[in-house]
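This is coords.csv. It holds CSV, C-alpha atoms.
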```csv
chain,number,residue,atom,x,y,z
A,107,MET,CA,0.0,0.0,0.0
A,108,ARG,CA,1.4,3.4,-1.0
A,109,MET,CA,1.5,6.0,1.8
A,110,PRO,CA,0.2,9.5,1.0
A,111,SER,CA,2.8,12.2,0.7
A,112,THR,CA,3.2,14.8,3.5
A,113,VAL,CA,1.7,17.4,1.1
A,114,THR,CA,-1.3,15.2,0.4
A,115,ALA,CA,-1.9,14.4,4.1
A,116,LEU,CA,-1.6,18.1,5.1
A,117,SER,CA,-4.0,19.0,2.2
A,118,LEU,CA,-6.5,16.5,3.5
A,119,VAL,CA,-6.3,17.7,7.1
A,120,PHE,CA,-6.6,21.3,6.0
A,121,GLY,CA,-9.6,20.5,3.8
A,122,VAL,CA,-11.4,18.7,6.6
A,123,ALA,CA,-10.7,21.6,9.0
A,124,LEU,CA,-12.0,24.2,6.5
A,125,GLY,CA,-15.1,22.0,6.0
A,126,LEU,CA,-15.8,21.8,9.7
A,127,MET,CA,-15.4,25.6,10.1
A,128,GLY,CA,-18.1,26.1,7.4
A,129,CYS,CA,-20.6,23.8,9.2
A,130,ASP,CA,-23.3,25.5,11.2
A,131,SER,CA,-23.9,24.0,14.6
A,132,ASP,CA,-27.3,25.6,14.8
A,133,ASP,CA,-30.2,23.1,14.7
A,134,THR,CA,-32.8,25.6,13.7
A,135,ILE,CA,-34.3,26.9,10.4
A,136,ALA,CA,-35.6,30.3,9.7
A,137,LEU,CA,-39.2,30.2,8.4
A,138,LYS,CA,-41.5,32.6,6.5
A,139,ARG,CA,-45.2,32.3,6.3
A,140,PHE,CA,-46.4,31.0,2.9
A,141,ASN,CA,-50.1,31.1,3.3
A,142,ASN,CA,-52.6,33.7,4.5
A,143,PRO,CA,-53.1,34.0,8.3
A,144,ASP,CA,-56.9,34.0,7.8
A,145,ASP,CA,-56.8,30.3,6.6
A,146,ARG,CA,-58.9,28.8,9.4
A,147,LEU,CA,-61.6,26.1,10.0
A,148,THR,CA,-64.0,25.9,12.9
A,149,LEU,CA,-64.6,22.4,14.3
A,150,ARG,CA,-67.5,21.7,16.7
A,151,VAL,CA,-67.1,19.4,19.6
A,152,THR,CA,-70.7,18.2,20.3
A,153,ALA,CA,-72.6,16.2,22.9
A,154,SER,CA,-74.1,14.1,20.0
A,155,GLU,CA,-72.5,10.9,18.8
A,156,GLU,CA,-73.2,12.0,15.3
A,157,LEU,CA,-70.2,12.9,13.2
A,158,GLY,CA,-70.3,16.0,11.0
A,159,ASP,CA,-69.4,16.4,7.3
A,160,PRO,CA,-65.8,17.2,6.5
A,161,LEU,CA,-64.7,20.8,6.6
A,162,GLU,CA,-62.8,22.2,3.6
A,163,ILE,CA,-61.2,25.5,2.8
A,164,PRO,CA,-58.9,26.8,0.1
A,165,LEU,CA,-55.5,27.9,1.3
A,166,ARG,CA,-54.3,31.3,-0.1
A,167,SER,CA,-51.0,32.9,-0.6
A,168,ASN,CA,-49.8,35.3,2.2
A,169,THR,CA,-51.6,38.2,0.4
A,170,GLY,CA,-54.7,36.2,-0.3
A,171,ALA,CA,-54.4,36.6,-4.0
A,172,ILE,CA,-53.5,33.1,-5.1
A,173,VAL,CA,-54.9,29.6,-4.1
A,174,VAL,CA,-51.9,27.6,-3.0
A,175,GLY,CA,-53.6,24.5,-1.7
A,176,GLU,CA,-56.6,23.1,0.3
A,177,ALA,CA,-57.2,22.0,3.8
A,178,GLU,CA,-59.7,19.4,5.1
A,179,VAL,CA,-60.7,18.2,8.5
A,180,SER,CA,-62.8,15.0,8.7
A,181,PRO,CA,-65.1,14.6,10.5
A,182,GLY,CA,-66.0,18.3,10.9
A,183,SER,CA,-67.7,17.8,14.2
A,184,GLY,CA,-68.2,15.0,16.8
A,185,PRO,CA,-68.1,14.2,20.5
A,186,VAL,CA,-65.1,14.3,22.8
A,187,GLY,CA,-62.8,11.4,21.8
A,188,THR,CA,-63.4,11.7,18.1
A,189,ASP,CA,-60.4,11.2,15.9
A,190,HIS,CA,-60.1,13.9,13.2
A,191,GLN,CA,-58.0,13.5,10.1
A,192,VAL,CA,-56.3,16.8,9.0
A,193,LEU,CA,-55.2,16.8,5.3
A,194,ILE,CA,-53.4,19.6,3.5
A,195,TRP,CA,-52.9,19.5,-0.3
A,196,VAL,CA,-50.4,22.0,-1.6
A,197,GLU,CA,-50.7,22.9,-5.3
A,198,PRO,CA,-48.0,21.2,-7.4
A,199,ASP,CA,-46.4,24.6,-8.3
A,200,TYR,CA,-45.7,25.3,-4.7
A,201,LYS,CA,-45.0,21.9,-3.2
A,202,ASP,CA,-41.2,22.3,-3.3
A,203,ALA,CA,-41.4,25.7,-1.5
A,204,VAL,CA,-43.5,24.5,1.5
A,205,ILE,CA,-41.2,22.8,4.0
A,206,ARG,CA,-43.5,22.8,7.1
A,207,ALA,CA,-47.3,22.5,7.5
A,208,ARG,CA,-48.9,23.1,10.9
A,209,VAL,CA,-52.3,23.3,12.5
A,210,VAL,CA,-52.7,25.5,15.5
A,211,THR,CA,-55.8,24.6,17.5
A,212,VAL,CA,-57.3,27.4,19.5
A,213,GLY,CA,-60.3,27.1,21.8
A,214,GLU,CA,-61.6,27.1,25.4
A,215,ARG,CA,-58.9,24.5,26.3
A,216,GLY,CA,-56.1,26.7,25.1
A,217,GLU,CA,-53.8,26.7,22.1
A,218,GLN,CA,-51.6,23.9,20.7
A,219,VAL,CA,-49.3,23.6,17.7
A,220,HIS,CA,-49.3,20.4,15.7
A,221,ASN,CA,-46.9,19.7,12.9
A,222,LEU,CA,-48.3,17.6,10.0
A,223,VAL,CA,-46.3,14.8,8.3
A,224,ARG,CA,-45.5,15.0,4.6
A,225,ASP,CA,-46.5,12.0,2.6
A,226,SER,CA,-43.3,10.1,1.5
A,227,ALA,CA,-44.8,9.2,-1.9
A,228,GLU,CA,-46.8,12.5,-2.6
A,229,PRO,CA,-44.9,15.6,-1.5
A,230,SER,CA,-48.0,17.7,-2.1
A,231,LEU,CA,-49.9,15.9,0.7
A,232,TRP,CA,-49.5,16.6,4.5
A,233,GLU,CA,-51.5,14.6,7.1
A,234,LEU,CA,-52.1,14.4,10.9
A,235,LYS,CA,-54.7,12.8,13.1
A,236,LEU,CA,-56.0,14.7,16.1
A,237,ARG,CA,-58.3,13.5,18.9
A,238,SER,CA,-60.7,16.0,20.6
A,239,TYR,CA,-60.3,15.9,24.3
A,240,GLY,CA,-62.5,17.1,27.1
A,241,GLU,CA,-65.3,16.0,29.4
A,242,VAL,CA,-68.0,13.7,28.1
A,243,GLY,CA,-70.9,15.8,26.9
A,244,GLU,CA,-68.8,18.9,26.5
A,245,GLU,CA,-69.7,21.3,23.7
A,246,ARG,CA,-67.4,23.9,22.2
A,247,GLU,CA,-65.9,25.3,19.0
A,248,ASP,CA,-62.2,24.9,18.2
A,249,THR,CA,-60.5,27.0,15.5
A,250,PHE,CA,-57.9,25.2,13.4
A,251,ARG,CA,-55.5,27.7,12.0
A,252,VAL,CA,-53.7,26.2,9.0
A,253,GLU,CA,-50.1,27.3,8.5
A,254,LEU,CA,-47.8,26.7,5.6
A,255,TRP,CA,-44.1,27.7,5.9
A,256,ARG,CA,-41.1,28.0,3.6
A,257,ALA,CA,-37.5,28.5,4.3
A,258,ALA,CA,-36.5,32.2,4.7
A,259,ASP,CA,-34.1,33.5,2.1
A,260,VAL,CA,-30.7,34.6,3.4
A,261,ASP,CA,-31.5,38.3,3.0
A,262,GLU,CA,-34.9,38.3,4.7
A,263,ASP,CA,-36.0,38.3,8.3
A,264,ALA,CA,-37.6,35.1,9.5
A,265,ASP,CA,-41.1,35.1,11.0
A,266,PHE,CA,-39.8,32.6,13.5
A,267,GLU,CA,-37.1,29.9,13.9
A,268,GLU,CA,-37.9,26.3,14.6
A,269,ASP,CA,-36.0,23.1,15.3
A,270,LEU,CA,-35.1,21.1,12.2
A,271,ASP,CA,-36.7,17.9,13.5
```

Hey, can you dump this file as structure tokens for me?
Amino acid sequence: MRMPSTVTALSLVFGVALGLMGCDSDDTIALKRFNNPDDRLTLRVTASEELGDPLEIPLRSNTGAIVVGEAEVSPGSGPVGTDHQVLIWVEPDYKDAVIRARVVTVGERGEQVHNLVRDSAEPSLWELKLRSYGEVGEEREDTFRVELWRAADVDEDADFEEDLD
């Protein structure tokens, strides 16, 4: 086996050191809002065992001018303990820009943030299952605020930063 020359070995060490200096140890990503903050659905928690029809809304660009996708919650109402499927479809032209999809649930029981999972075979589709919690017989309305996020460009301020997970 031929041993590397001193110059080759030093070049390799120097190259690795430069590469490590260029690595960012930050585990966060800067995000910008992609869709309109008014993209919301209102889900009813009912005392009845009957499940409601799915709720659907178009998702619009941050200015509201362009439809960039669609959100659906199914069923749209039901008693405490109901499992609701949240689906988000991003239009094909925008699927590569959107890197995070979230639903923020807001109601009498507070506010919670839920990250949806992107489908491995269809990058336009995001999905999550949520269960409504509360006391048996409880009735209320919960708002589901749908949020699409893109990576912030280097020269723009982020709306917020989030862990890369």

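Residues with any atom within 10 Å of Lys235 in chain A, counting all atoms listed in the file and excluding same-chain neighbours fewer than 2 positions away, are Val179, Ser180, Asp189, His190, Gln191, Val192, Leu193, His220, Leu222, Val223, Glu233 and Arg237 of chain A.
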
Practice prompt. List the residues sitting within 12 Å of (-72.6, 17.0, 3.3) in the file's frame, using all atoms listed in the file, as a list in words.
Written response: Leu157, Gly158, Asp159, Pro160, Leu161, Glu162, Ser180, Pro181, Gly182 and Ser183 of chain A

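When CA of Asp133 in chain A is paired with CA of Glu253 in chain A, their separation reads 21.3 Å.
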
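Of the listed residues (A:Ile172, A:Arg251, A:Glu262, A:Ile135), A:Arg251 comes nearest to Val210 in chain A; the distances count only C-alpha atoms.
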
Worksheet entry | Selection near Glu228 in chain A, 12 Å with only C-alpha atoms, sequence-local residues under 5 positions removed, as number ranges by chain | A: 194-198, 201-202, 223, 233

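Counting all atoms listed in the file and comparing A:Phe266, A:Gly243, A:Phe250, A:Thr188, the residue that lies closest to Pro143 in chain A is A:Phe250.
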
Could you pull the residues within 12 Å of Tyr200 in chain A, counting all atoms listed in the file, minus those fewer than 2 positions along the same chain, as a PDB file with C-alpha atoms, in the frame of the given file?
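Below is the file result25.pdb, written as the result:
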```pdb
ATOM      1  CA  PHE A 140     -46.400  31.000   2.900  1.00  0.00           C
ATOM      2  CA  ASN A 141     -50.100  31.100   3.300  1.00  0.00           C
ATOM      3  CA  LEU A 165     -55.500  27.900   1.300  1.00  0.00           C
ATOM      4  CA  ARG A 166     -54.300  31.300  -0.100  1.00  0.00           C
ATOM      5  CA  SER A 167     -51.000  32.900  -0.600  1.00  0.00           C
ATOM      6  CA  ILE A 172     -53.500  33.100  -5.100  1.00  0.00           C
ATOM      7  CA  VAL A 173     -54.900  29.600  -4.100  1.00  0.00           C
ATOM      8  CA  VAL A 174     -51.900  27.600  -3.000  1.00  0.00           C
ATOM      9  CA  GLY A 175     -53.600  24.500  -1.700  1.00  0.00           C
ATOM     10  CA  TRP A 195     -52.900  19.500  -0.300  1.00  0.00           C
ATOM     11  CA  VAL A 196     -50.400  22.000  -1.600  1.00  0.00           C
ATOM     12  CA  GLU A 197     -50.700  22.900  -5.300  1.00  0.00           C
ATOM     13  CA  PRO A 198     -48.000  21.200  -7.400  1.00  0.00           C
ATOM     14  CA  ASP A 202     -41.200  22.300  -3.300  1.00  0.00           C
ATOM     15  CA  ALA A 203     -41.400  25.700  -1.500  1.00  0.00           C
ATOM     16  CA  VAL A 204     -43.500  24.500   1.500  1.00  0.00           C
ATOM     17  CA  ILE A 205     -41.200  22.800   4.000  1.00  0.00           C
ATOM     18  CA  PRO A 229     -44.900  15.600  -1.500  1.00  0.00           C
ATOM     19  CA  SER A 230     -48.000  17.700  -2.100  1.00  0.00           C
ATOM     20  CA  LEU A 231     -49.900  15.900   0.700  1.00  0.00           C
ATOM     21  CA  LEU A 254     -47.800  26.700   5.600  1.00  0.00           C
ATOM     22  CA  TRP A 255     -44.100  27.700   5.900  1.00  0.00           C
ATOM     23  CA  ARG A 256     -41.100  28.000   3.600  1.00  0.00           C
TER      24      ARG A 256
END
```

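Minimum atom-to-atom distances from A:Asp145, A:Leu137, A:Ser238, A:Gly184 to Asn168 in chain A were compared using all atoms listed in the file, and the lowest value belongs to A:Asp145.
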
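Distances here use only C-alpha atoms; by that measure, the residue among A:Thr152, A:Asn142, A:Thr169, A:Thr249 closest to Glu214 in chain A is A:Thr249.
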
Item to complete: Kindly indicate which residue among A:Asp265, A:Glu241, A:Glu176, A:Glu217 lies nearest to Ile163 in chain A, using all atoms listed in the file for the distances.
Response: A:Glu176

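If you look at CA of Gly213 in chain A and CA of Glu155 in chain A, they are 20.5 Å away from each other.
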
Discussion item. Measuring between all atoms listed in the file, which one of A:Thr211, A:Ser154, A:Thr148, A:Asn221 shows the shortest distance to Glu247 in chain A?
Written reply: A:Thr148

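Taking CA of Leu147 in chain A as the reference point, CA of Glu267 in chain A is found at 25.1 Å.
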
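For Arg215 in chain A, the non-local neighbours within 10 Å, defined as residues at least 4 positions apart in the same chain or in other chains and counting all atoms listed in the file, are A:Thr211, A:Tyr239, A:Gly240, A:Arg246, A:Asp248.
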